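Shown next, in structure tokens, is the structure this report addresses.
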Amino acid sequence: MRQKSTGLMRNKGEILASILNDFKDCYFFLHNTKEFSIVESIMNEGFIFESQLPHSTDRVNPHEPIEITYFLFQRKDYGSYTMIIAIPKEIYENYSDISNKNDTGIEEVMTITDPVISDNDEPLYTISPKHVLGYFNIRTSEFFKNVNWDPSFNNCKFREPAKRQVKPDKSQ
């Protein structure tokens, strides 16, 4: 699905906020990238992030277009493709409850693969492409919906929470 701006909006943040408002009851996380090949990889294979989701994304509220405008301005040097992760609030709260019940990070509940340790000695997690709503092209103000996005997808129905990764002790 492709949506183009209607010209009634004043800026790109307002345009993106308007698009996100069409997807009710989700938490939205944005991440910019320069390469279209990375956009395709994220939409088909999932979003890989290090340590914690807020380290690689910015959570935004579609009811606050100024917040999205600020994000787009602050992150423009990272690329003109804004990836949109949209997790329904009910499913996100379920992830949080399971995280608390198992005394583990929410990342261990969300990941679709076992975490691995990165070159920075941090765990790498992967969010399902079913949580990737699509991307917003900042240059053209167009939104492209990911055909893999599934608002009913709940990772907990497919796998147990991953075990928290312990960083190797380099002092030995």
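Going by the structure tokens order, chains are called A, B, ..., each with residues numbered from 1, while ligands are numbered from 1 in the order shown.
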
Contact residues around segment 101-114 of chain A with only C-alpha atoms at 6 Å, ignoring same-chain residues under 3 positions, as a short mmCIF file (atom, residue, chain, number, x, y, z; two decimals) with N, CA and C atoms, in the first residue's frame:
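Output file part.cif is given in full below:
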```cif
data_model
loop_
_atom_site.label_atom_id
_atom_site.label_comp_id
_atom_site.auth_asym_id
_atom_site.auth_seq_id
_atom_site.Cartn_x
_atom_site.Cartn_y
_atom_site.Cartn_z
N TYR A 95 4.02 -8.68 26.10
CA TYR A 95 5.47 -8.87 26.14
C TYR A 95 6.04 -8.35 27.47
N SER A 96 5.55 -7.20 27.90
CA SER A 96 6.02 -6.61 29.14
C SER A 96 5.67 -7.48 30.34
N ILE A 98 5.14 -10.75 30.39
CA ILE A 98 5.96 -11.96 30.35
C ILE A 98 7.39 -11.64 30.76
N TYR A 125 19.31 -8.43 19.05
CA TYR A 125 17.98 -9.01 19.02
C TYR A 125 17.34 -8.73 17.66
N THR A 126 16.32 -9.51 17.31
CA THR A 126 15.63 -9.31 16.05
C THR A 126 14.12 -9.25 16.29
N ILE A 127 13.52 -8.14 15.87
CA ILE A 127 12.06 -8.00 15.91
C ILE A 127 11.51 -8.56 14.61
N SER A 128 10.45 -9.28 14.71
CA SER A 128 9.81 -9.90 13.55
C SER A 128 9.43 -8.88 12.49
N PRO A 161 10.60 -16.96 25.83
CA PRO A 161 11.55 -15.84 25.90
C PRO A 161 12.99 -16.36 25.83
N ALA A 162 13.82 -15.65 25.11
CA ALA A 162 15.24 -16.02 25.02
C ALA A 162 15.89 -15.80 26.38
#
```

### Message
Please list as a VMD selection string every residue within 10 Å of segment 15-30 of chain A, counting only C-alpha atoms and excluding residues in the same chain fewer than 4 positions away.
### Response
chain A and resid 3 to 11 53 to 54 56 to 69 71 to 72 75 81 to 92 131 to 133 135 to 138 141 to 143 151

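When only C-alpha atoms are used to compute distances to His31 of chain A, the closest of the residues A:Ser118, A:Ser80, A:Asn94, A:Ser99 turns out to be A:Ser80.
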